[in-house]
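Engineer: A single structure is presented below for examination.
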Amino acid sequence: MTDPCARPNAATRYLLIGMIYLLLVTTNACAERLTPAQASRPGKSLFANEHTVALALSDAVLLGLRNNHAIRSAYFERIVQKFDLRVEKDRFTPKLVLSSRHLATRNQDDHYRQNEVTPSTTMLGEYGTQFSLSWRHHLTQANHAGRTHNDGATLSVIQPLLRGAGRDVATAPIRLAELAEQVNRLNLKATVSSTVTQIITAYRELLRAQEQLRIAREALARSRQLLDANKVMIAAGRMAEFELVQTEADVATQELAVEEASNQLDSSRLELLHLLALDLQTPVQAIERLDVTRTEFGLADALAVAQNRQPAYLVQRIAIEQAAINLTVARNERRWDLSLIGAATQARSHYPGEHGHESHHTWEGYAGLQIEIPIGDLSRRQAEMRARVNVETQDIRLSETRQLLERDVGDAVRNLGTRWRQYEIAQRARELSRRKLDIEREKLQAGRSSNFQVLSFEADLRTAESTRLNALIAYLNTQAQLDQTLGTTLESWEIALND
């Protein structure tokens, strides 16, 4: 039986020594990957924190649709706007008003208690006809005079013949409200599209910052490798010691670049969290792959799509219709107020008499014309003039909006092609810079190049990598901007307004 307190044999000792050595090597490697500047940071690095929230671009868009302050405010505003439309559509439904009062009165002869109920209803027809029906019930109870009550109903009809007559004028408020509802929906679409584009741009800025930090760290690692190689060459007598200063300065420069990239990463993260209305302390990391495919879009096709979907352009087209309706109403307001009128009234009274309670019935009816002619009132003409000028102004604005739309669509389509060509050039430049640096490093090892030349090519590679990254992000952002310009952002992301 083996004694647990016995000393380990040679194989066991070697195994323990090997495990300890492996642990030390792993610890040193991890320490080398963490710069002193990072060690002093509060542990929020997106590449080092195991509790980082991985966020895809689609997830960011969905979170923005649910939490973004501008979108939520727009949807709350839609509650009021839709109720405004409901109020206008209720224009031709009967309106009922119930009035009642109770009075206690006294004078030198008697004490009275009076109860009165007066319900009335009014209704407007689609041709301007006004109907009114009211009923009045009055009850008086006196200590000495006794009880008296009377009631009656009145029905009146007014049919305008000039001002306020006709379906176009009577239904104008409803048509204006429906057009305003279309404008409100387009404004909501514009708000959501703009916010989604901002979220996409902010997300890709976070991607850019992450990639820039990766580029800076890789450059720092290469600089340190070069520094180690220089030290070996100095020890071997193949390089002057003073040349080490160049490499040390480059290492310091790359450490500074890493620090700046880390700071930019935090700024980009905060901007995205702000747009998503999330806790600013949330450690998010963009995990979308920076893949890109070329998008082909003809100018004529793009312009046709924009004219059918671009919210700002469609709003201006609706403004033309609104101006035309307002002009019709303003012209009608200048007419005389000539109307057919008719009414019928029936009343019944009950009161104390010589032979008990007596009653009395009366009725009355009339029909005729009424006219109102405004003389010397320039305000009606002023309203018509304003409405006519507004029609001309809206025509001019539509022409301007169409021209701006053509310009914006042309710029967006042209920029998309330009950004793609820039990306292809930047991609080729990065590959060539990397090959150039690898060749120069081999030449340095063979003693056929200088340390200065390697550092210069290293700077070229960093510039080429940053240029390629910027060109890639610019192309992706241009795609998003083209979607917004064409008014197809929601369709591209399969977003329904659910309004």
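Identifiers in the structure tokens: chain A, B, ... in order shown; residue index from 1 per chain; ligand index from 1 in order shown.
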Sort by chain and increasing residue number a table of all residues of region 77-99 of chain A within 12 Å of region 184-207 of chain A, each with its closest pair of atoms and their distance in Å to one decimal, counting only C-alpha atoms, and write it as JSON lines.

Structural biologist:
```
{"residue": "A:Glu77", "atom": "CA", "partner": "A:Asn184", "partner_atom": "CA", "distance": 9.4}
{"residue": "A:Arg78", "atom": "CA", "partner": "A:Asn184", "partner_atom": "CA", "distance": 7.6}
{"residue": "A:Ile79", "atom": "CA", "partner": "A:Asn184", "partner_atom": "CA", "distance": 10.9}
{"residue": "A:Val80", "atom": "CA", "partner": "A:Asn184", "partner_atom": "CA", "distance": 10.8}
{"residue": "A:Gln81", "atom": "CA", "partner": "A:Asn184", "partner_atom": "CA", "distance": 7.5}
{"residue": "A:Lys82", "atom": "CA", "partner": "A:Asn184", "partner_atom": "CA", "distance": 9.1}
{"residue": "A:Asp84", "atom": "CA", "partner": "A:Asn184", "partner_atom": "CA", "distance": 11.3}
{"residue": "A:Leu85", "atom": "CA", "partner": "A:Asn184", "partner_atom": "CA", "distance": 10.7}
```

Engineer: Can you pull out every residue within 12 Å of Arg113 (chain A), counting only C-alpha atoms, but drop anything in the same chain fewer than 4 positions away, and send it as a count of residues only?

Structural biologist: 19

Engineer: Using only C-alpha atoms, which of the listed residues (A:Asp499, A:Leu461, A:Ala474, A:Asp250) sits closest to Arg224 (chain A)?

Structural biologist: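 That would be A:Asp250, the residue with the smallest distance to Arg224 (chain A).
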
Engineer: Would you mind telling me which residue in A:Ala426, A:Ala172, A:Leu340, A:Ala252 lies nearest to Gln322 (chain A) when using only C-alpha atoms?

Structural biologist: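 Closest residue, counting only C-alpha atoms: A:Ala172.
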
Engineer: Just checking: using only C-alpha atoms, which residue out of A:Glu211, A:Asp395, A:Asp90, A:Glu491 ends up closest to Ile473 (chain A)?

Structural biologist: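 Between A:Glu211, A:Asp395, A:Asp90, A:Glu491, the residue approaching Ile473 (chain A) most closely is A:Glu211.
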
Engineer: Among region 124-273 of chain A, which ones does DSSP place in strand (DSSP E), written as a list of chain:residue names?

Structural biologist: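 Everything in region 124-273 of chain A that counts as strand (DSSP E) is A:Leu124, A:Gln130, A:Phe131, A:Ser132, A:Leu133, A:Ser134, A:Trp135, A:Arg136, A:His137, A:His138, A:Leu139, A:Thr140, A:Gln141, A:Ala142, A:Gly146, A:Arg147, A:Thr148, A:His149, A:Asn150, A:Asp151, A:Gly152, A:Ala153, A:Thr154, A:Leu155, A:Ser156, A:Val157, A:Ile158, A:Gln159, A:Pro160.
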
Engineer: Just the residues within 12 Å of Leu432 (chain A), please, counting only C-alpha atoms, with nothing from its chain fewer than 3 positions along; format it as JSON, numbers by chain.

Structural biologist: {"A": [425, 426, 427, 428, 429, 435, 436, 437, 438, 439, 457, 460, 461, 464, 465]}

Engineer: Near Trp363 (chain A), counting only C-alpha atoms, which residues have an atom at most 8 Å away, once you skip same-chain residues fewer than 4 positions from it, shown as a list in words?

Structural biologist: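 The contact residues come out as Ala344, Thr345, Gln346 and Ala347 of chain A.
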
Engineer: Just write the chosen residues, C-alpha atoms, as a PDB file, in the first residue's frame.

Structural biologist:
```
ATOM      1  CA  ALA A 344     -91.283  73.271 -36.948  1.00  0.00           C
ATOM      2  CA  THR A 345     -92.076  73.721 -33.255  1.00  0.00           C
ATOM      3  CA  GLN A 346     -94.616  72.049 -31.054  1.00  0.00           C
ATOM      4  CA  ALA A 347     -95.239  72.981 -27.421  1.00  0.00           C
TER       5      ALA A 347
END
```

Engineer: Could you list, as a list of chain:residue names, every residue within 12 Å of Ala153 (chain A), counting only C-alpha atoms and ignoring same-chain residues fewer than 6 positions away?

Structural biologist: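 In the requested form, the answer reads A:Val117, A:Thr118, A:Pro119, A:Ser120, A:Thr121, A:Ser132, A:Leu133, A:Ser134, A:Trp135, A:Arg136, A:His137, A:Ala343, A:Ala344, A:Thr345, A:Gln346, A:Ala347, A:Arg348, A:His361, A:Thr362, A:Trp363, A:Glu364, A:Gly365.
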
Engineer: Kindly indicate which residue among A:Thr293, A:Thr401, A:Ser58, A:Ser359 lies nearest to Leu476 (chain A), using only C-alpha atoms for the distances.

Structural biologist: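 Among the listed residues, the smallest separation from Leu476 (chain A) belongs to A:Thr293.
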